[in-house]
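Printed here is my_file21.cif (mmCIF, C-alpha atoms and all ligand atoms):
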data_work
#
loop_
_atom_site.label_atom_id
_atom_site.label_comp_id
_atom_site.auth_asym_id
_atom_site.auth_seq_id
_atom_site.Cartn_x
_atom_site.Cartn_y
_atom_site.Cartn_z
CA MET A 1 3.65 -53.35 1.11
CA ALA A 2 4.00 -53.32 4.87
CA GLN A 3 0.91 -53.96 6.92
CA GLN A 4 -0.61 -50.67 8.02
CA ASP A 5 -1.48 -51.02 11.66
CA VAL A 6 -4.60 -49.08 12.67
CA PRO A 7 -5.87 -48.84 16.27
CA VAL A 8 -9.29 -50.47 16.52
CA VAL A 9 -11.15 -49.06 19.51
CA TRP A 10 -13.87 -51.44 20.70
CA SER A 11 -15.78 -52.45 23.81
CA PRO A 12 -17.27 -55.81 24.83
CA THR A 13 -20.20 -53.86 26.32
CA THR A 14 -21.38 -52.95 22.81
CA ARG A 15 -22.66 -56.55 22.63
CA ALA A 16 -25.15 -55.84 25.45
CA HIS A 17 -27.82 -54.41 23.13
CA ASP A 18 -30.04 -57.16 21.77
CA PRO A 19 -32.71 -55.67 19.49
CA ASN A 20 -34.52 -59.01 19.55
CA HIS A 21 -36.82 -58.09 16.68
CA GLU A 22 -38.16 -55.18 14.68
CA VAL A 23 -41.73 -54.11 14.05
CA TRP A 24 -42.13 -53.25 10.40
CA PHE A 25 -45.45 -52.68 8.66
CA GLY A 26 -47.15 -53.94 11.84
CA THR A 27 -45.46 -57.32 11.74
CA THR A 28 -42.40 -58.50 13.61
CA SER A 29 -39.27 -59.56 11.81
CA ASP A 30 -35.80 -60.62 12.91
CA ALA A 31 -33.46 -57.81 13.79
CA THR A 32 -30.52 -57.12 11.51
CA GLU A 33 -28.42 -54.88 13.75
CA VAL A 34 -27.18 -57.76 15.92
CA ALA A 35 -24.33 -58.17 18.41
CA ALA A 36 -22.61 -60.70 16.13
CA ARG A 37 -21.64 -57.72 13.96
CA VAL A 38 -19.08 -56.76 16.61
CA ASP A 39 -17.42 -60.16 16.57
CA THR A 40 -17.18 -60.59 12.83
CA ILE A 41 -15.68 -57.11 12.38
CA LEU A 42 -13.29 -57.69 15.27
CA GLU A 43 -12.15 -61.00 13.84
CA SER A 44 -11.50 -59.55 10.38
CA LEU A 45 -9.57 -56.58 11.72
CA ARG A 46 -7.54 -58.73 14.09
CA ASP A 47 -6.70 -61.08 11.22
CA ALA A 48 -5.64 -58.06 9.15
CA GLY A 49 -3.07 -57.24 11.84
CA HIS A 50 -4.68 -54.16 13.31
CA ARG A 51 -4.19 -53.27 16.95
CA LEU A 52 -7.18 -53.79 19.27
CA VAL A 53 -7.66 -51.15 21.96
CA GLU A 54 -10.42 -51.54 24.54
CA ALA A 55 -12.32 -48.29 25.11
CA GLY A 56 -12.43 -46.88 28.62
CA PRO A 57 -15.37 -44.87 29.97
CA ALA A 58 -15.37 -41.32 28.58
CA PRO A 59 -16.99 -38.37 30.34
CA ASP A 60 -20.45 -37.13 29.32
CA GLU A 61 -19.60 -33.58 28.19
CA VAL A 62 -19.40 -34.28 24.47
CA LEU A 63 -22.58 -36.35 24.55
CA GLU A 64 -24.37 -33.52 26.38
CA GLU A 65 -23.21 -31.09 23.71
CA ILE A 66 -24.65 -33.05 20.77
CA HIS A 67 -27.83 -34.42 22.39
CA ASP A 68 -30.64 -32.87 24.42
CA ALA A 69 -30.59 -33.78 28.08
CA GLU A 70 -34.14 -35.16 27.79
CA LEU A 71 -33.17 -37.69 25.12
CA LEU A 72 -30.21 -38.84 27.22
CA SER A 73 -32.39 -39.13 30.30
CA PHE A 74 -35.04 -41.10 28.40
CA MET A 75 -32.48 -43.46 26.87
CA ARG A 76 -30.84 -44.04 30.24
CA THR A 77 -34.13 -44.93 31.99
CA ALA A 78 -36.54 -46.22 29.33
CA ALA A 79 -35.88 -49.95 29.74
CA ASP A 80 -36.33 -49.74 33.52
CA ARG A 81 -39.56 -47.73 33.14
CA TRP A 82 -40.86 -50.34 30.70
CA ALA A 83 -39.87 -53.22 33.02
CA ALA A 84 -41.76 -51.51 35.87
CA GLY A 85 -44.94 -51.39 33.75
CA PRO A 86 -47.38 -54.17 32.87
CA TYR A 87 -46.03 -54.79 29.37
CA SER A 88 -44.33 -58.08 29.91
CA ARG A 89 -47.56 -59.52 31.37
CA LEU A 90 -49.87 -57.77 28.90
CA VAL A 91 -48.07 -58.41 25.64
CA GLY A 92 -44.99 -60.48 26.50
CA GLN A 93 -42.86 -57.62 25.25
CA ASP A 94 -39.81 -56.44 27.19
CA ARG A 95 -38.64 -53.93 24.59
CA VAL A 96 -39.63 -50.26 24.64
CA LEU A 97 -41.67 -49.42 21.57
CA PRO A 98 -43.60 -46.21 20.83
CA TYR A 99 -47.35 -46.76 20.66
CA LEU A 100 -48.08 -43.27 19.34
CA PHE A 101 -46.10 -40.33 17.99
CA PRO A 102 -47.17 -36.96 19.43
CA SER A 103 -46.41 -35.09 16.22
CA PRO A 104 -48.31 -31.96 15.10
CA ALA A 105 -50.68 -34.32 13.24
CA MET A 106 -51.95 -35.44 16.64
CA THR A 107 -51.73 -32.27 18.70
CA GLY A 108 -52.86 -29.83 16.01
CA GLY A 109 -51.43 -26.79 17.73
CA LEU A 110 -52.85 -27.59 21.18
CA PRO A 111 -50.66 -27.10 24.24
CA THR A 112 -49.24 -30.54 25.02
CA ARG A 113 -48.12 -32.38 28.16
CA ARG A 114 -45.60 -35.10 28.55
CA ALA A 115 -47.19 -38.56 28.46
CA THR A 116 -46.91 -40.43 31.75
CA ALA A 117 -47.09 -43.93 30.22
CA VAL A 118 -43.73 -44.95 28.81
CA HIS A 119 -45.36 -46.56 25.75
CA ALA A 120 -46.70 -43.11 24.82
CA ASP A 121 -43.71 -41.11 26.05
CA ALA A 122 -41.38 -43.18 23.84
CA GLY A 123 -42.94 -41.52 20.78
CA ARG A 124 -41.54 -38.19 21.95
CA PHE A 125 -38.05 -39.44 21.07
CA GLY A 126 -38.33 -42.58 18.96
CA TYR A 127 -39.40 -41.84 15.40
CA ASP A 128 -39.88 -45.33 13.98
CA THR A 129 -41.04 -48.77 15.06
CA THR A 130 -37.92 -50.65 14.11
CA THR A 131 -35.63 -49.30 16.82
CA LEU A 132 -36.52 -51.05 20.08
CA VAL A 133 -34.92 -50.21 23.41
CA GLY A 134 -34.09 -53.23 25.58
CA PRO A 135 -32.40 -53.86 28.93
CA GLY A 136 -28.84 -53.60 27.54
CA THR A 137 -29.41 -50.83 25.03
CA TRP A 138 -28.20 -47.88 27.09
CA ALA A 139 -25.02 -49.67 28.20
CA ALA A 140 -24.19 -50.71 24.63
CA ALA A 141 -25.00 -47.35 23.03
CA ARG A 142 -22.99 -45.53 25.69
CA ALA A 143 -20.08 -47.93 25.16
CA ALA A 144 -20.24 -47.24 21.41
CA VAL A 145 -19.84 -43.53 22.19
CA ASP A 146 -16.86 -44.45 24.37
CA CYS A 147 -15.34 -46.19 21.32
CA ALA A 148 -15.87 -43.08 19.17
CA LEU A 149 -14.44 -40.79 21.84
CA GLY A 150 -11.52 -43.15 22.46
CA ALA A 151 -10.64 -43.13 18.76
CA ALA A 152 -11.01 -39.33 18.63
CA ALA A 153 -8.66 -39.02 21.63
CA LEU A 154 -6.03 -41.12 19.85
CA VAL A 155 -6.25 -38.91 16.75
CA THR A 156 -6.14 -35.75 18.84
CA ALA A 157 -2.97 -37.15 20.46
CA GLY A 158 -1.34 -37.54 17.04
CA GLU A 159 -2.48 -40.88 15.64
CA PRO A 160 -3.15 -40.29 11.92
CA LEU A 161 -6.01 -42.81 11.71
CA ALA A 162 -8.15 -44.65 14.26
CA TYR A 163 -11.18 -46.88 13.81
CA ALA A 164 -14.07 -47.02 16.29
CA LEU A 165 -16.05 -50.26 16.29
CA CYS A 166 -19.30 -48.53 17.24
CA ARG A 167 -22.33 -50.72 17.61
CA PRO A 168 -25.22 -49.94 17.70
CA PRO A 169 -24.57 -47.38 14.94
CA GLY A 170 -25.40 -43.70 15.37
CA HIS A 171 -25.82 -41.50 12.29
CA HIS A 172 -29.64 -41.49 12.36
CA VAL A 173 -29.82 -39.97 15.86
CA THR A 174 -30.69 -36.26 15.86
CA ARG A 175 -30.22 -33.92 18.77
CA ALA A 176 -33.41 -35.17 20.43
CA GLY A 177 -34.64 -38.23 18.54
CA TYR A 178 -33.57 -41.80 17.80
CA GLY A 179 -34.40 -44.30 15.06
CA GLY A 180 -32.94 -46.29 12.19
CA SER A 181 -31.36 -48.84 14.59
CA CYS A 182 -29.38 -45.96 16.18
CA TYR A 183 -29.58 -44.67 19.78
CA LEU A 184 -26.72 -42.19 20.33
CA ASN A 185 -24.75 -40.43 17.58
CA ASN A 186 -21.22 -41.84 17.68
CA GLY A 187 -19.96 -39.99 14.60
CA ALA A 188 -21.25 -36.64 15.83
CA ALA A 189 -19.57 -37.33 19.17
CA ALA A 190 -16.27 -38.01 17.39
CA ALA A 191 -16.55 -34.79 15.37
CA GLU A 192 -17.38 -32.71 18.42
CA ALA A 193 -14.50 -34.31 20.33
CA LEU A 194 -12.03 -33.50 17.53
CA ARG A 195 -13.20 -29.87 17.61
CA ARG A 196 -12.70 -29.75 21.38
CA GLY A 197 -9.27 -31.31 20.88
CA GLY A 198 -8.23 -28.36 18.74
CA ALA A 199 -9.29 -29.28 15.20
CA ARG A 200 -10.31 -26.04 13.50
CA ARG A 201 -12.68 -27.52 10.93
CA VAL A 202 -13.93 -31.10 10.82
CA ALA A 203 -15.54 -32.84 7.86
CA VAL A 204 -17.85 -35.80 8.38
CA VAL A 205 -17.87 -37.96 5.26
CA ASP A 206 -20.73 -40.46 5.39
CA VAL A 207 -20.52 -43.40 2.98
CA ASP A 208 -23.26 -45.47 4.59
CA ALA A 209 -25.95 -46.51 2.11
CA HIS A 210 -28.44 -44.26 3.90
CA HIS A 211 -28.40 -40.53 4.52
CA GLY A 212 -27.22 -39.77 8.06
CA ASN A 213 -30.12 -37.52 8.96
CA GLY A 214 -29.02 -37.33 12.59
CA THR A 215 -25.49 -36.11 11.97
CA ALA A 216 -26.71 -33.79 9.21
CA ALA A 217 -29.30 -32.24 11.52
CA ILE A 218 -26.95 -31.83 14.50
CA PHE A 219 -24.46 -29.81 12.42
CA TYR A 220 -26.85 -28.21 9.90
CA ASP A 221 -26.30 -24.69 11.24
CA ARG A 222 -22.59 -25.04 11.99
CA GLY A 223 -19.68 -24.11 9.76
CA ASP A 224 -17.00 -25.76 11.89
CA VAL A 225 -18.30 -29.30 11.25
CA ARG A 226 -19.22 -30.04 7.64
CA TYR A 227 -21.36 -32.98 6.61
CA GLY A 228 -21.10 -34.71 3.23
CA SER A 229 -22.94 -37.90 2.33
CA VAL A 230 -23.40 -40.30 -0.57
CA HIS A 231 -26.50 -42.46 -0.18
CA VAL A 232 -29.41 -44.07 -1.95
CA ASP A 233 -31.93 -41.44 -3.04
CA PRO A 234 -34.57 -41.04 -0.32
CA GLY A 235 -36.89 -39.82 -3.06
CA ALA A 236 -36.76 -43.32 -4.57
CA GLY A 237 -38.47 -44.64 -1.44
CA TRP A 238 -35.55 -45.32 0.86
CA PHE A 239 -34.83 -44.40 4.48
CA PRO A 240 -34.89 -41.63 5.71
CA HIS A 241 -37.50 -40.80 3.03
CA VAL A 242 -38.15 -37.14 3.94
CA VAL A 243 -34.62 -35.69 4.19
CA GLY A 244 -31.25 -36.29 2.52
CA PHE A 245 -31.91 -34.45 -0.74
CA ALA A 246 -29.36 -32.52 -2.80
CA ASP A 247 -30.92 -29.13 -2.10
CA GLU A 248 -30.20 -29.40 1.66
CA VAL A 249 -27.03 -27.32 1.97
CA GLY A 250 -27.08 -25.97 5.54
CA VAL A 251 -28.31 -22.76 7.14
CA GLY A 252 -26.81 -19.74 8.92
CA GLU A 253 -23.14 -20.31 9.70
CA GLY A 254 -23.61 -23.77 8.20
CA ALA A 255 -24.75 -22.46 4.80
CA GLY A 256 -22.81 -24.47 2.21
CA ALA A 257 -21.48 -26.88 4.84
CA THR A 258 -23.84 -29.74 3.97
CA PHE A 259 -23.44 -31.74 0.76
CA ASN A 260 -25.80 -34.60 -0.12
CA ILE A 261 -25.26 -36.84 -3.13
CA PRO A 262 -28.30 -39.10 -3.60
CA LEU A 263 -27.84 -42.03 -5.99
CA VAL A 264 -30.38 -44.05 -7.90
CA PRO A 265 -31.01 -47.60 -6.62
CA GLY A 266 -28.76 -50.06 -8.43
CA THR A 267 -25.75 -47.72 -8.53
CA ALA A 268 -22.53 -49.79 -8.51
CA ASP A 269 -18.82 -49.01 -8.02
CA ASP A 270 -18.37 -46.51 -10.86
CA GLY A 271 -21.19 -44.16 -9.89
CA TRP A 272 -20.65 -44.58 -6.17
CA LEU A 273 -16.88 -43.94 -6.34
CA ASP A 274 -17.48 -40.91 -8.52
CA ALA A 275 -19.67 -39.53 -5.72
CA VAL A 276 -16.99 -40.40 -3.12
CA ARG A 277 -14.45 -38.44 -5.21
CA ARG A 278 -16.81 -35.46 -5.32
CA LEU A 279 -17.13 -35.62 -1.53
CA ALA A 280 -13.34 -35.77 -1.14
CA ASP A 281 -12.89 -32.79 -3.50
CA TRP A 282 -15.49 -30.88 -1.51
CA VAL A 283 -13.62 -31.61 1.73
CA ALA A 284 -10.29 -30.62 0.18
CA ALA A 285 -11.71 -27.33 -1.09
CA ALA A 286 -13.08 -26.42 2.33
CA ASP A 287 -9.75 -26.31 4.15
CA CYS A 288 -10.75 -28.96 6.70
CA THR A 289 -8.21 -30.02 9.31
CA SER A 290 -9.69 -33.37 10.43
CA LEU A 291 -12.05 -36.06 9.25
CA VAL A 292 -14.71 -38.33 10.62
CA VAL A 293 -15.69 -41.11 8.24
CA SER A 294 -19.13 -42.58 8.91
CA LEU A 295 -18.27 -45.99 7.51
CA GLY A 296 -21.45 -47.83 6.71
CA VAL A 297 -20.77 -50.82 4.49
CA ASP A 298 -24.44 -51.49 3.76
CA ALA A 299 -23.99 -50.03 0.26
CA ALA A 300 -22.39 -53.38 -0.58
CA ALA A 301 -24.14 -55.55 -3.15
CA ASP A 302 -24.77 -58.38 -0.67
CA ASP A 303 -26.34 -56.19 1.97
CA PRO A 304 -30.06 -56.74 2.63
CA GLU A 305 -30.70 -53.15 3.70
CA SER A 306 -29.96 -51.19 0.52
CA PRO A 307 -30.19 -51.45 -3.28
CA LEU A 308 -26.66 -50.14 -3.96
CA LEU A 309 -24.17 -52.57 -5.51
CA VAL A 310 -20.75 -51.59 -4.22
CA THR A 311 -18.03 -54.28 -4.13
CA ARG A 312 -15.33 -55.03 -1.59
CA ASP A 313 -12.78 -53.51 -3.98
CA GLY A 314 -15.04 -50.47 -4.25
CA TYR A 315 -14.81 -49.96 -0.49
CA GLY A 316 -11.03 -50.32 -0.71
CA GLU A 317 -10.91 -47.64 -3.40
CA ALA A 318 -13.16 -45.37 -1.31
CA GLY A 319 -10.61 -45.78 1.49
CA ARG A 320 -7.78 -44.75 -0.84
CA ILE A 321 -9.72 -41.71 -2.06
CA ILE A 322 -10.65 -40.50 1.43
CA GLY A 323 -7.28 -41.45 2.93
CA GLY A 324 -5.64 -39.54 0.09
CA LEU A 325 -6.93 -36.31 1.63
CA GLY A 326 -4.09 -36.76 4.13
CA LEU A 327 -6.18 -35.58 7.07
CA PRO A 328 -6.14 -37.06 10.58
CA ALA A 329 -9.21 -39.30 10.62
CA VAL A 330 -11.56 -41.14 12.93
CA VAL A 331 -13.42 -43.90 11.10
CA VAL A 332 -16.69 -44.70 12.88
CA GLN A 333 -18.66 -47.85 12.13
CA GLU A 334 -22.23 -47.25 10.96
CA GLY A 335 -24.37 -49.81 9.08
CA GLY A 336 -23.50 -53.08 7.36
CA TYR A 337 -25.64 -56.12 8.00
CA HIS A 338 -24.53 -59.03 5.83
CA LEU A 339 -22.59 -61.00 8.41
CA PRO A 340 -20.59 -63.24 6.02
CA THR A 341 -19.00 -60.25 4.23
CA LEU A 342 -19.25 -57.45 6.80
CA GLY A 343 -15.79 -57.83 8.35
CA GLY A 344 -14.05 -58.08 4.98
CA LEU A 345 -15.72 -54.90 3.73
CA VAL A 346 -14.58 -52.94 6.77
CA ALA A 347 -11.05 -54.38 6.49
CA SER A 348 -10.93 -53.47 2.80
CA TYR A 349 -11.91 -49.84 3.47
CA LEU A 350 -9.38 -49.51 6.30
CA ALA A 351 -6.55 -51.04 4.23
CA GLY A 352 -7.26 -48.56 1.44
CA HIS A 353 -7.46 -45.59 3.79
CA ALA A 354 -4.33 -46.57 5.71
CA SER A 355 -2.26 -47.18 2.56
CA ALA A 356 -3.18 -43.79 1.10
CA ALA A 357 -2.70 -41.97 4.40
CA HIS A 358 0.66 -43.57 5.22
CA GLY A 359 1.93 -43.94 1.67
CA PRO A 360 2.92 -47.28 0.13
ZN ZN B 401 -27.37 -47.61 6.51
#
What does this structure look like when you write it as structure tokens?
Amino acid sequence: MAQQDVPVVWSPTTRAHDPNHEVWFGTTSDATEVAARVDTILESLRDAGHRLVEAGPAPDEVLEEIHDAELLSFMRTAADRWAAGPYSRLVGQDRVLPYLFPSPAMTGGLPTRRATAVHADAGRFGYDTTTLVGPGTWAAARAAVDCALGAAALVTAGEPLAYALCRPPGHHVTRAGYGGSCYLNNGAAAAEALRRGGARRVAVVDVDAHHGNGTAAIFYDRGDVRYGSVHVDPGAGWFPHVVGFADEVGVGEGAGATFNIPLVPGTADDGWLDAVRRLADWVAAADCTSLVVSLGVDAAADDPESPLLVTRDGYGEAGRIIGGLGLPAVVVQEGGYHLPTLGGLVASYLAGHASAAHGP
């Protein structure tokens, strides 16, 4: 079979985000969403014969459509605000980290003001303690959006399939909040860009091990962008814990346009691929014209971040199933943290998708 050549849109600037560490259960641990992810994926896809395309800077309009201006403003300025404060001297910490979360539990219905201290203000947007903002975070997250928009532009121009090497990932970012190692929602940006490029109805198919609460929330009331996800059951104690259940189906014009398939921990290829087939059938039945695939490969058995047991061949088969829909598609990188196998998993998915989309 001839090598199927897929454009791989990437940016060296996506390496600029260094999470340094995470704070989990009050202790620090090594970060998993590291810049080396970019290089190992790039190497595998280059070796597989795909075509590397460096992303150029894309305008802000799509980003401003999917995210609140206040989140964008915070993300753009947070590291500088932190650097201007006493934190480095006080705690030796140069990463922005929320110190409190001004949720209704704290404010109890009182009228609230915006916190002036950045360590308190960060809790207005950041919803966990594992997603630190450092000096290069904005540049990298913005470059990841450029990759997503670059791939969407290629598909809008007629390319049947393009891959965006987005890092940091994005599917946990809601309209106005960030977390889960994500800072800006690359997949949502790609979907919105496809719509603006003329796609009548876009389906986002999310095969990351975790529910993409951000993408789901952004499109929950829209019928023109559908969101379907297979993920480990949040009810079994997995991120995002409080959303991602099967009875979340959308509201208003988006009623019926959300489809969650939670799986029990320990699910392997058979159960996972059955869910992927159900997602593909759901997309096919909805008369969608374009696809965004949120390709997290952290459902793989080797991955430290999830209890699913998908194999490399399983990812290849998922690619064939989703590629078999025959829709123009932007594949956006989400999670996947086991560096020795990460690149091979992505390459396996893309080979499957490309072979089904192009034919043998
Ligand atoms: Zn994940």
Throw together the list of residues within 6 Å of ligand ZN 401 (chain B), counting only C-alpha atoms and all ligand atoms, and drop it here as a ChimeraX atom specification.
-> /A:208-210,296,298,335
For stretch 152-162 of chain A: contacts at 9 Å, all atoms listed in the file, fewer than 3 positions along chain excluded, given as a VMD selection string | chain A and resid 6 to 9 147 to 149 189 to 191 193 to 194 197 to 199 292 323 326 to 332 353 to 354 357 to 358
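For the point (-9.0, -51.4, 24.2), the residues with an atom at a distance of at most 8 Å are Val8, Val9, Trp10, Ser11, Leu52, Val53, Glu54, Ala55 and Gly56 of chain A, counting only C-alpha atoms.
The closest residue to A:Ala139, picked from A:Ile322, A:Leu184, A:Ala217, A:Val297 and counting all atoms listed in the file, is A:Leu184.
Counting from atom CA of A:Val346, the distance to atom CA of A:Ala236 is 26.7 Å.
The shortest atom-to-atom distance to A:Leu42, with only C-alpha atoms taken into account, belongs to A:Gly343 out of A:Gly343, A:Gly324, A:Pro304, A:Gly126.
Between A:Ser73 and the residues A:Gly136, A:Leu165, A:Ala122, A:Asp269, the shortest atom-to-atom distance, using all atoms listed in the file, involves A:Ala122.
If you measure from each of A:Val232, A:Val38, A:Ala16, A:Cys288 to A:Ala141 using only C-alpha atoms, the closest one turns out to be A:Ala16.
Among the candidates A:His21, A:Arg142, A:His211, A:Arg277, the one nearest to A:Gly235 when counting all atoms listed in the file is A:His211.
Of the residues under consideration (A:Val310, A:Ala280, A:Val133, A:Met75), A:Val310 shows the shortest atom-to-atom contact distance to A:Thr267 when counting only C-alpha atoms.
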